[in-house]
$ cat structure20.txt   # compact mmCIF, C-alpha atoms
# COMPACT_ATOMS: atom_id res chain seq x y z
CA MET A 18 17.08 64.11 47.51
CA HIS A 19 16.09 60.74 46.13
CA ARG A 20 13.67 58.60 48.01
CA THR A 21 13.20 54.88 48.33
CA LYS A 22 10.10 52.87 49.09
CA VAL A 23 10.83 50.17 51.65
CA LYS A 24 8.39 47.30 51.85
CA VAL A 25 7.67 46.52 55.52
CA ALA A 26 4.56 44.26 55.56
CA GLU A 27 4.76 43.87 59.33
CA ASP A 28 2.07 43.93 61.97
CA ALA A 29 2.84 47.01 64.07
CA LEU A 30 2.23 44.96 67.21
CA ASP A 31 4.68 42.20 66.17
CA ALA A 32 7.25 43.27 68.75
CA ASN A 33 4.70 42.74 71.51
CA THR A 34 3.65 39.39 70.03
CA THR A 35 7.27 38.22 69.99
CA ILE A 36 7.59 38.91 73.71
CA ALA A 37 4.19 37.31 74.34
CA ASN A 38 5.47 34.17 72.62
CA ALA A 39 8.56 34.21 74.86
CA ASN A 40 6.25 34.41 77.89
CA ARG A 41 4.25 31.53 76.44
CA GLY A 42 7.45 29.50 76.19
CA ASP A 43 8.17 30.06 79.89
CA PHE A 44 4.61 29.14 80.86
CA ASP A 45 4.71 25.95 78.75
CA ARG A 46 8.07 24.94 80.14
CA ASP A 47 6.71 25.14 83.68
CA GLY A 48 3.29 23.69 82.82
CA VAL A 49 1.29 26.81 83.75
CA ALA A 50 -2.04 27.78 82.16
CA VAL A 51 -2.68 31.52 81.97
CA VAL A 52 -5.88 33.57 82.11
CA ASN A 53 -5.91 37.23 81.05
CA LEU A 54 -8.77 38.69 83.12
CA MET A 55 -10.07 42.06 81.88
CA SER A 56 -12.90 44.47 82.63
CA ALA A 57 -13.86 48.11 82.99
CA PRO A 58 -12.58 49.68 86.22
CA GLY A 59 -14.70 48.62 89.19
CA ALA A 60 -16.57 45.74 87.53
CA GLY A 61 -15.32 43.36 90.21
CA LYS A 62 -12.26 41.43 88.96
CA THR A 63 -10.51 41.46 92.33
CA SER A 64 -13.68 40.70 94.27
CA LEU A 65 -14.40 37.79 91.95
CA LEU A 66 -10.89 36.44 92.48
CA GLU A 67 -11.23 36.85 96.25
CA ALA A 68 -14.50 34.92 96.19
CA SER A 69 -13.38 32.15 93.85
CA LEU A 70 -9.76 31.53 94.80
CA ARG A 71 -10.72 30.98 98.43
CA ASP A 72 -11.21 27.20 98.80
CA LEU A 73 -10.28 26.51 95.18
CA ASP A 74 -9.86 22.76 94.91
CA GLY A 75 -7.44 21.81 92.20
CA PRO A 76 -4.81 23.94 90.51
CA ARG A 77 -2.29 25.94 92.54
CA VAL A 78 -2.96 29.54 91.57
CA GLY A 79 -0.75 32.60 91.31
CA VAL A 80 -1.88 36.13 90.40
CA LEU A 81 -0.15 38.89 88.46
CA GLU A 82 -1.90 42.09 89.45
CA GLY A 83 -1.85 45.00 86.98
CA ASP A 84 -2.72 48.54 88.07
CA VAL A 85 -1.47 51.99 87.13
CA GLN A 86 -0.62 52.73 90.75
CA GLY A 87 -0.81 51.12 94.16
CA SER A 88 -0.85 47.61 95.56
CA MET A 89 -4.35 47.54 97.06
CA ASP A 90 -5.53 44.68 94.85
CA ALA A 91 -2.37 42.64 95.38
CA ASP A 92 -2.66 43.19 99.15
CA ARG A 93 -6.22 41.88 99.16
CA LEU A 94 -5.22 38.71 97.34
CA SER A 95 -1.96 38.01 99.16
CA ALA A 96 -3.95 38.08 102.42
CA MET A 97 -5.38 34.79 101.12
CA HIS A 98 -1.89 33.25 100.95
CA ILE A 99 -1.84 33.13 97.17
CA PRO A 100 1.42 34.09 95.47
CA VAL A 101 0.79 37.57 94.06
CA VAL A 102 3.05 39.92 92.13
CA GLN A 103 1.97 43.54 91.57
CA ILE A 104 2.88 45.33 88.35
CA ASN A 105 2.42 49.12 88.41
CA THR A 106 2.36 50.54 84.92
CA ASP A 107 3.47 53.93 86.16
CA ASN A 108 6.65 52.40 87.57
CA GLY A 109 8.91 52.57 84.54
CA PHE A 110 6.26 51.91 81.90
CA GLY A 111 4.87 55.41 81.44
CA GLY A 112 1.58 54.87 83.23
CA GLU A 113 0.12 52.63 80.53
CA CYS A 114 -3.59 51.89 80.65
CA HIS A 115 -3.09 48.17 79.98
CA LEU A 116 -0.57 45.39 80.53
CA ASP A 117 1.55 44.38 77.59
CA ALA A 118 3.83 41.38 77.08
CA ASN A 119 6.93 43.25 78.16
CA MET A 120 5.45 44.37 81.48
CA VAL A 121 4.33 40.82 82.22
CA ARG A 122 7.79 39.48 81.27
CA THR A 123 9.54 41.82 83.70
CA ALA A 124 7.31 40.52 86.53
CA LEU A 125 7.84 36.81 85.79
CA PRO A 126 11.09 36.43 87.75
CA ASP A 127 9.17 37.40 90.90
CA MET A 128 6.63 34.59 90.39
CA ASP A 129 7.72 31.02 91.04
CA LEU A 130 6.12 29.41 87.97
CA GLY A 131 7.29 25.98 89.13
CA ALA A 132 5.07 26.29 92.21
CA ILE A 133 1.79 27.04 90.39
CA ASP A 134 -0.44 25.42 87.75
CA LEU A 135 -2.64 28.40 86.89
CA LEU A 136 -1.68 32.06 86.57
CA VAL A 137 -4.42 34.69 86.58
CA VAL A 138 -3.28 38.01 85.17
CA GLU A 139 -5.66 40.66 86.46
CA ASN A 140 -5.29 43.37 83.81
CA VAL A 141 -5.69 47.13 84.29
CA GLY A 142 -9.35 48.19 84.34
CA ASN A 143 -10.00 49.23 80.72
CA LEU A 144 -12.40 48.01 78.03
CA VAL A 145 -10.28 49.10 75.07
CA CYS A 146 -6.53 48.52 75.09
CA PRO A 147 -6.05 45.21 76.94
CA ALA A 148 -7.85 43.35 74.14
CA GLU A 149 -5.17 44.50 71.68
CA PHE A 150 -2.05 43.39 73.56
CA LYS A 151 -1.24 39.70 73.85
CA ILE A 152 0.70 38.74 76.95
CA GLY A 153 1.16 34.99 76.33
CA GLU A 154 -2.15 33.88 77.80
CA ASP A 155 -4.10 30.69 77.04
CA VAL A 156 -7.42 32.41 77.34
CA LYS A 157 -9.00 35.83 77.78
CA ALA A 158 -12.00 36.35 80.04
CA MET A 159 -13.82 39.49 81.05
CA VAL A 160 -16.04 40.73 83.85
CA THR A 161 -18.86 43.13 83.15
CA SER A 162 -21.36 44.33 85.73
CA VAL A 163 -25.06 45.08 85.63
CA THR A 164 -24.36 48.72 86.47
CA GLU A 165 -22.58 49.30 83.16
CA GLY A 166 -25.52 49.38 80.78
CA GLU A 167 -26.90 47.03 78.10
CA ASP A 168 -25.06 48.70 75.20
CA LYS A 169 -21.52 48.00 76.38
CA PRO A 170 -20.93 45.02 74.03
CA LEU A 171 -21.90 47.18 71.04
CA LYS A 172 -19.55 49.95 72.15
CA TYR A 173 -16.58 47.67 72.84
CA PRO A 174 -16.93 44.80 70.38
CA LEU A 175 -13.22 43.97 70.23
CA MET A 176 -13.04 43.35 73.98
CA PHE A 177 -16.18 41.19 74.04
CA ARG A 178 -15.09 39.28 70.91
CA SER A 179 -11.64 38.52 72.25
CA CYS A 180 -12.96 36.63 75.29
CA GLU A 181 -14.12 33.04 75.65
CA LEU A 182 -15.99 33.85 78.86
CA VAL A 183 -18.04 36.92 79.80
CA VAL A 184 -18.90 37.10 83.51
CA ILE A 185 -21.80 39.36 84.42
CA ASN A 186 -21.23 40.48 88.02
CA LYS A 187 -23.23 42.32 90.70
CA ILE A 188 -26.48 40.48 89.89
CA ASP A 189 -27.52 41.06 93.50
CA LEU A 190 -28.20 44.67 92.42
CA LEU A 191 -30.69 43.73 89.66
CA PRO A 192 -33.82 44.48 91.74
CA HIS A 193 -32.58 48.07 92.16
CA LEU A 194 -31.77 48.74 88.51
CA ASP A 195 -33.59 49.18 85.19
CA PHE A 196 -30.92 47.00 83.56
CA ASP A 197 -32.42 44.78 80.83
CA LEU A 198 -30.42 41.56 81.25
CA ASP A 199 -31.97 39.83 78.20
CA LYS A 200 -31.09 42.77 75.96
CA PHE A 201 -27.57 42.79 77.35
CA LEU A 202 -27.14 39.06 76.67
CA ASP A 203 -28.50 39.59 73.13
CA ASN A 204 -25.92 42.31 72.58
CA VAL A 205 -23.15 40.05 73.85
CA ASP A 206 -24.31 37.35 71.42
CA THR A 207 -24.43 39.88 68.58
CA VAL A 208 -20.72 40.68 68.89
CA ASN A 209 -19.51 37.25 70.05
CA PRO A 210 -22.06 34.65 68.90
CA GLY A 211 -22.28 31.64 71.22
CA VAL A 212 -19.80 32.94 73.81
CA ARG A 213 -20.15 31.47 77.31
CA THR A 214 -21.65 33.84 79.89
CA MET A 215 -22.04 33.50 83.67
CA LEU A 216 -24.31 35.42 86.03
CA ILE A 217 -22.50 36.04 89.30
CA SER A 218 -22.51 38.06 92.46
CA ALA A 219 -19.00 38.09 93.91
CA ARG A 220 -20.49 39.83 96.94
CA THR A 221 -23.14 37.23 97.83
CA GLY A 222 -21.34 34.26 96.28
CA GLU A 223 -24.18 33.43 93.87
CA GLY A 224 -22.82 31.74 90.75
CA VAL A 225 -19.20 31.80 91.95
CA GLU A 226 -18.98 28.00 91.94
CA ALA A 227 -19.35 27.98 88.14
CA PHE A 228 -16.41 30.36 87.82
CA ARG A 229 -14.35 28.17 90.16
CA ASP A 230 -15.15 25.16 87.96
CA TRP A 231 -14.17 27.14 84.88
CA LEU A 232 -10.82 28.08 86.48
CA VAL A 233 -10.18 24.42 87.34
CA GLY A 234 -10.96 23.53 83.70
CA VAL A 235 -8.47 26.13 82.44
CA GLY A 236 -5.86 24.78 84.87
CA GLU A 237 -6.27 21.36 83.28
CA ARG A 238 -5.33 22.81 79.90
CA ALA A 239 -1.79 23.42 81.15
CA PRO A 240 0.72 21.33 79.25
CA ALA A 241 2.64 18.77 81.25
CA ARG A 242 5.73 20.32 82.73
CA ALA A 243 8.56 20.04 80.19
CA MET B 28 -5.47 57.28 74.55
CA HIS B 29 -5.61 53.88 72.94
CA GLU B 30 -4.19 55.36 69.74
CA LEU B 31 -1.22 56.64 71.77
CA SER B 32 -0.06 53.08 72.53
CA LEU B 33 -0.72 52.03 68.95
CA SER B 34 1.19 55.03 67.56
CA SER B 35 4.24 54.14 69.68
CA ALA B 36 4.20 50.66 68.20
CA ILE B 37 3.96 52.11 64.67
CA VAL B 38 6.85 54.53 65.21
CA ASP B 39 9.05 51.75 66.65
CA THR B 40 8.35 49.52 63.64
CA VAL B 41 8.94 52.36 61.18
CA LEU B 42 12.25 53.46 62.71
CA ARG B 43 13.55 49.90 62.75
CA HIS B 44 12.96 49.58 58.99
CA ALA B 45 14.19 53.11 58.28
CA GLU B 46 17.69 52.08 59.43
CA GLY B 47 18.89 55.59 60.16
CA ARG B 48 17.20 57.26 57.17
CA ARG B 49 14.64 60.09 57.41
CA VAL B 50 11.07 58.87 56.90
CA ASN B 51 8.82 60.82 54.52
CA SER B 52 5.68 58.75 54.66
CA VAL B 53 4.20 55.62 56.19
CA GLU B 54 1.53 53.50 54.49
CA MET B 55 -0.64 51.40 56.77
CA ARG B 56 -3.43 48.89 56.29
CA ILE B 57 -5.95 49.01 59.08
CA GLY B 58 -8.92 46.68 59.28
CA ARG B 59 -12.30 48.22 59.98
CA LEU B 60 -12.92 45.57 62.66
CA ARG B 61 -10.10 47.00 64.80
CA GLN B 62 -11.19 49.80 67.08
CA VAL B 63 -8.95 52.43 65.54
CA VAL B 64 -10.13 55.99 65.00
CA PRO B 65 -8.07 57.23 61.99
CA ASP B 66 -8.01 60.90 63.03
CA SER B 67 -6.92 59.97 66.53
CA LEU B 68 -4.16 57.72 65.19
CA THR B 69 -2.86 60.48 62.91
CA PHE B 70 -2.93 62.94 65.82
CA TYR B 71 -0.95 60.69 68.17
CA PHE B 72 1.46 59.57 65.46
CA GLU B 73 2.41 63.19 64.95
CA ILE B 74 3.10 63.58 68.68
CA VAL B 75 4.96 60.31 69.20
CA SER B 76 7.18 60.79 66.13
CA ARG B 77 8.50 64.19 67.27
CA ASP B 78 12.28 64.29 67.70
CA THR B 79 12.64 61.05 65.74
CA LEU B 80 13.52 60.39 62.11
CA ALA B 81 9.81 59.84 61.51
CA GLU B 82 8.91 63.41 62.52
CA GLY B 83 6.82 65.07 59.86
CA ALA B 84 6.18 61.83 57.99
CA GLY B 85 2.74 61.58 56.40
CA LEU B 86 0.59 58.72 57.66
CA GLN B 87 -1.47 57.14 54.85
CA LEU B 88 -4.20 54.85 56.14
CA GLN B 89 -5.84 52.30 53.88
CA LEU B 90 -8.93 50.96 55.63
CA VAL B 91 -9.72 47.32 54.92
CA ASP B 92 -13.33 46.10 54.96
CA GLY B 93 -14.15 43.11 57.13
CA LEU B 94 -14.78 39.67 55.64
CA MET B 95 -15.84 36.60 57.57
CA ARG B 96 -16.39 32.99 56.49
CA CYS B 97 -18.92 30.80 58.27
CA SER B 98 -17.39 27.57 59.66
CA SER B 99 -20.68 25.75 59.08
CA CYS B 100 -21.82 26.75 55.58
CA ALA B 101 -18.79 28.63 54.14
CA ASN B 102 -20.89 31.76 53.46
CA GLU B 103 -18.76 34.93 53.33
CA TRP B 104 -19.92 38.40 54.40
CA ASP B 105 -18.80 41.76 55.80
CA PRO B 106 -19.91 41.91 59.46
CA ALA B 107 -19.67 45.70 59.69
CA PRO B 108 -19.95 47.37 56.28
CA PRO B 109 -19.24 51.10 56.43
CA PRO B 110 -22.19 53.36 55.50
CA ALA B 111 -22.14 54.72 51.95
CA GLU B 112 -20.82 58.28 51.71
CA ASP B 113 -24.22 59.83 51.18
CA GLU B 114 -25.89 57.78 53.92
CA GLU B 115 -26.47 59.12 57.39
CA GLN B 116 -24.19 57.68 60.05
CA VAL B 117 -26.76 55.51 61.78
CA MET B 118 -25.92 52.91 64.35
CA VAL B 119 -26.09 49.56 62.59
CA LEU B 120 -25.59 46.41 64.62
CA PRO B 121 -22.61 44.35 63.46
CA GLN B 122 -23.45 40.92 62.12
CA PHE B 123 -20.98 38.34 63.47
CA ARG B 124 -23.40 35.42 63.30
CA CYS B 125 -23.73 33.93 59.79
CA PRO B 126 -26.57 35.78 58.02
CA LYS B 127 -27.28 32.68 55.92
CA CYS B 128 -27.40 29.82 58.44
CA SER B 129 -27.33 31.74 61.78
CA GLU B 130 -24.55 29.59 63.21
CA PRO B 131 -21.85 31.15 65.38
CA GLY B 132 -18.20 30.25 64.85
CA ALA B 133 -17.05 32.21 61.82
CA GLU B 134 -13.47 32.91 60.77
CA VAL B 135 -12.23 36.43 60.16
CA LEU B 136 -10.56 36.53 56.73
CA ARG B 137 -10.00 40.31 56.55
CA GLY B 138 -10.60 43.39 58.63
CA GLU B 139 -8.30 42.92 61.64
CA GLU B 140 -5.11 44.18 60.01
CA PHE B 141 -2.86 46.64 61.79
CA GLU B 142 0.02 46.55 59.40
CA VAL B 143 2.76 48.89 58.32
CA GLU B 144 2.74 48.10 54.61
CA SER B 145 5.65 50.28 53.47
CA ILE B 146 7.58 53.43 54.23
CA ILE B 147 9.22 56.02 51.98
CA VAL B 148 12.64 57.13 53.19
CA ASP B 149 15.44 59.40 52.00
CA ASP B 150 18.06 57.47 50.06
CA VAL B 151 20.93 58.41 52.31
CA PRO B 152 21.22 58.01 56.07
CA ALA B 153 20.46 61.08 58.15
CA PRO B 154 23.57 63.04 59.30
CA ALA B 155 25.33 61.86 62.45
CA GLY B 156 23.70 63.36 65.51
CA ALA B 157 20.19 63.09 64.10
CA LYS B 158 17.99 61.12 66.53
CA SER B 159 16.73 57.73 65.38
$ encode --input "structure20.txt" --output "structure tokens"
Amino acid sequence: MHRTKVKVAEDALDANTTIANANRGDFDRDGVAVVNLMSAPGAGKTSLLEASLRDLDGPRVGVLEGDVQGSMDADRLSAMHIPVVQINTDNGFGGECHLDANMVRTALPDMDLGAIDLLVVENVGNLVCPAEFKIGEDVKAMVTSVTEGEDKPLKYPLMFRSCELVVINKIDLLPHLDFDLDKFLDNVDTVNPGVRTMLISARTGEGVEAFRDWLVGVGERAPARA
Amino acid sequence: MHELSLSSAIVDTVLRHAEGRRVNSVEMRIGRLRQVVPDSLTFYFEIVSRDTLAEGAGLQLQLVDGLMRCSSCANEWDPAPPPAEDEEQVMVLPQFRCPKCSEPGAEVLRGEEFEVESIIVDDVPAPAGAKS
């Protein structure tokens, strides 16, 4: 049996990137800026969105909610009269631990892109895989929390490096923890030098205004509707 | 678990280029700055390729060292050099800030590859009925 070497020279994630670019085309056509919001499970993505999208003055916001199962997060946000679409990765996608471009694309018909200026995609709680899969976003941001330990940036450099904003949440708990905030910020800077960080408590509201302003700024990056 | 998703993507790419022929081996270039554990990738590739024309194919991984170029002073360096073979595996902090001028904002030249470089396939298509 003779064999042949076939040159491939293709990124193995090209297929996902192609779909991400198609999503990007839809977002550009409708003038929507997109944030891919990631974190470990329980860091506070949904709580942060609840705190910041309430009384947001500026862009009209929609949310794509990614979870393996359930609609709890989507229910919390839709109670605020924000258009929300829930994607469950175990509903036809094999229970994936992250959102990919295809999953986002299948949810787009349920979101009226013409009625929003800013789309926040709340990814599945996971510090590894979401950083690898583009979905057509303008920007990636992540939420960490002071209960996760100072060494997280060193353990998950790809996630921290892929983001232009690192939110540090649950700062109201600092008096009860041995968490070394300066060491944590040093570690963030080691893996993503100069990245913007924010200290926030979604629970008390401290620092949330800065995140609101950041969201408004991202909304202004949206191209004019084609 | 992460390598499971990545292995699926590899198998899809491989089968597309195999065009109905049995795959004997897959050569990949993987940058050291990606968070890929080679043993884990090989393990999941073997599972994901079962019952496909890539079943049993050897996975050859060429690891590519990282190389960054500083946007301020054009210095080039490897932010995460692997330890030498005889060195202990100690935790060394990666160096993403320019070691020469300390500025942030460097470009990654190498080390983030996740590429199927080539595959070796049988010359003739697999018999009808074989799964692709």
$ interface_residues --input "structure20.txt" --of "chain B" --to "chain A" --cutoff "10 Å" --atoms "all atoms listed in the file" --output "NGL selection string"
:B and (28-41 or 43-45 or 48-57 or 60-62 or 106 or 118-125 or 129-133 or 139-151)
$ closest_residue --input "structure20.txt" --among "A:Leu135, A:Ala227, A:Met159, A:Ala124" --to "A:Ala57" --atoms "all atoms listed in the file"
A:Met159
$ residues_around --input "structure20.txt" --residues "A:Leu116" --least-positions-apart "6" --cutoff "12 Å" --atoms "only C-alpha atoms" --output "compact mmCIF listing (two decimals) with C-alpha atoms, in the coordinates of the input"
# COMPACT_ATOMS: atom_id res chain seq x y z
CA ASN A 33 4.70 42.74 71.51
CA ALA A 37 4.19 37.31 74.34
CA ASN A 53 -5.91 37.23 81.05
CA LEU A 54 -8.77 38.69 83.12
CA MET A 55 -10.07 42.06 81.88
CA LEU A 81 -0.15 38.89 88.46
CA GLU A 82 -1.90 42.09 89.45
CA GLY A 83 -1.85 45.00 86.98
CA ASP A 84 -2.72 48.54 88.07
CA VAL A 85 -1.47 51.99 87.13
CA GLN A 103 1.97 43.54 91.57
CA ILE A 104 2.88 45.33 88.35
CA ASN A 105 2.42 49.12 88.41
CA THR A 106 2.36 50.54 84.92
CA ASP A 107 3.47 53.93 86.16
CA PHE A 110 6.26 51.91 81.90
CA ARG A 122 7.79 39.48 81.27
CA THR A 123 9.54 41.82 83.70
CA ALA A 124 7.31 40.52 86.53
CA VAL A 138 -3.28 38.01 85.17
CA GLU A 139 -5.66 40.66 86.46
CA ASN A 140 -5.29 43.37 83.81
CA VAL A 141 -5.69 47.13 84.29
CA GLY A 142 -9.35 48.19 84.34
CA ASN A 143 -10.00 49.23 80.72
CA VAL A 145 -10.28 49.10 75.07
CA CYS A 146 -6.53 48.52 75.09
CA PRO A 147 -6.05 45.21 76.94
CA ALA A 148 -7.85 43.35 74.14
CA GLU A 149 -5.17 44.50 71.68
CA PHE A 150 -2.05 43.39 73.56
CA LYS A 151 -1.24 39.70 73.85
CA ILE A 152 0.70 38.74 76.95
CA GLY A 153 1.16 34.99 76.33
CA GLU A 154 -2.15 33.88 77.80
CA SER B 32 -0.06 53.08 72.53
$ residues_around --input "structure20.txt" --residues "A:Phe201" --least-positions-apart "5" --cutoff "9 Å" --atoms "only C-alpha atoms" --output "JSON, numbers by chain"
{"A": [163, 166, 167, 168, 169, 170, 196, 206]}
$ closest_residue --input "structure20.txt" --among "A:Gly112, A:Pro58, A:Pro192, A:Gly48" --to "A:Gly131" --atoms "only C-alpha atoms"
A:Gly48
$ closest_residue --input "structure20.txt" --among "A:Met120, A:Val156, A:Leu191, A:Ile99" --to "A:Trp231" --atoms "only C-alpha atoms"
A:Val156
$ residues_near_point --input "structure20.txt" --point "(-2.0, 21.8, 87.4)" --cutoff "10 Å" --atoms "only C-alpha atoms" --output "NGL selection string"
:A and (48-50 or 75-78 or 132-135 or 233-242)
$ axis_aligned_box --input "structure20.txt" --around "stretch 69-84 of chain A" --padding-each-side "5 Å" --output "AutoDock Vina command-line options"
--center_x -6.8 --center_y 35.2 --center_z 92.9 --size_x 23.2 --size_y 36.7 --size_z 21.8
$ atom_distance --input "structure20.txt" --atom1 "atom CA of A:Leu194" --atom2 "atom CA of A:Thr214"
20.0 Å
$ closest_residue --input "structure20.txt" --among "A:Leu182, A:Ala68, A:Ala96, A:Ala39" --to "A:Leu125" --atoms "all atoms listed in the file"
A:Ala39
$ atom_distance --input "structure20.txt" --atom1 "atom CA of A:Val52" --atom2 "atom CA of A:Ala91"
16.5 Å
$ residues_near_point --input "structure20.txt" --point "(8.3, 25.9, 83.9)" --cutoff "7 Å" --atoms "only C-alpha atoms" --output "list in words"
Asp43, Phe44, Asp45, Arg46, Asp47, Gly48, Leu130, Gly131, Arg242 and Ala243 of chain A
$ closest_residue --input "structure20.txt" --among "B:Cys128, B:Val91, B:Leu68, B:Val75" --to "B:Glu103" --atoms "all atoms listed in the file"
B:Cys128
$ atom_distance --input "structure20.txt" --atom1 "atom CA of B:Gly138" --atom2 "atom CA of B:Pro110"
15.6 Å
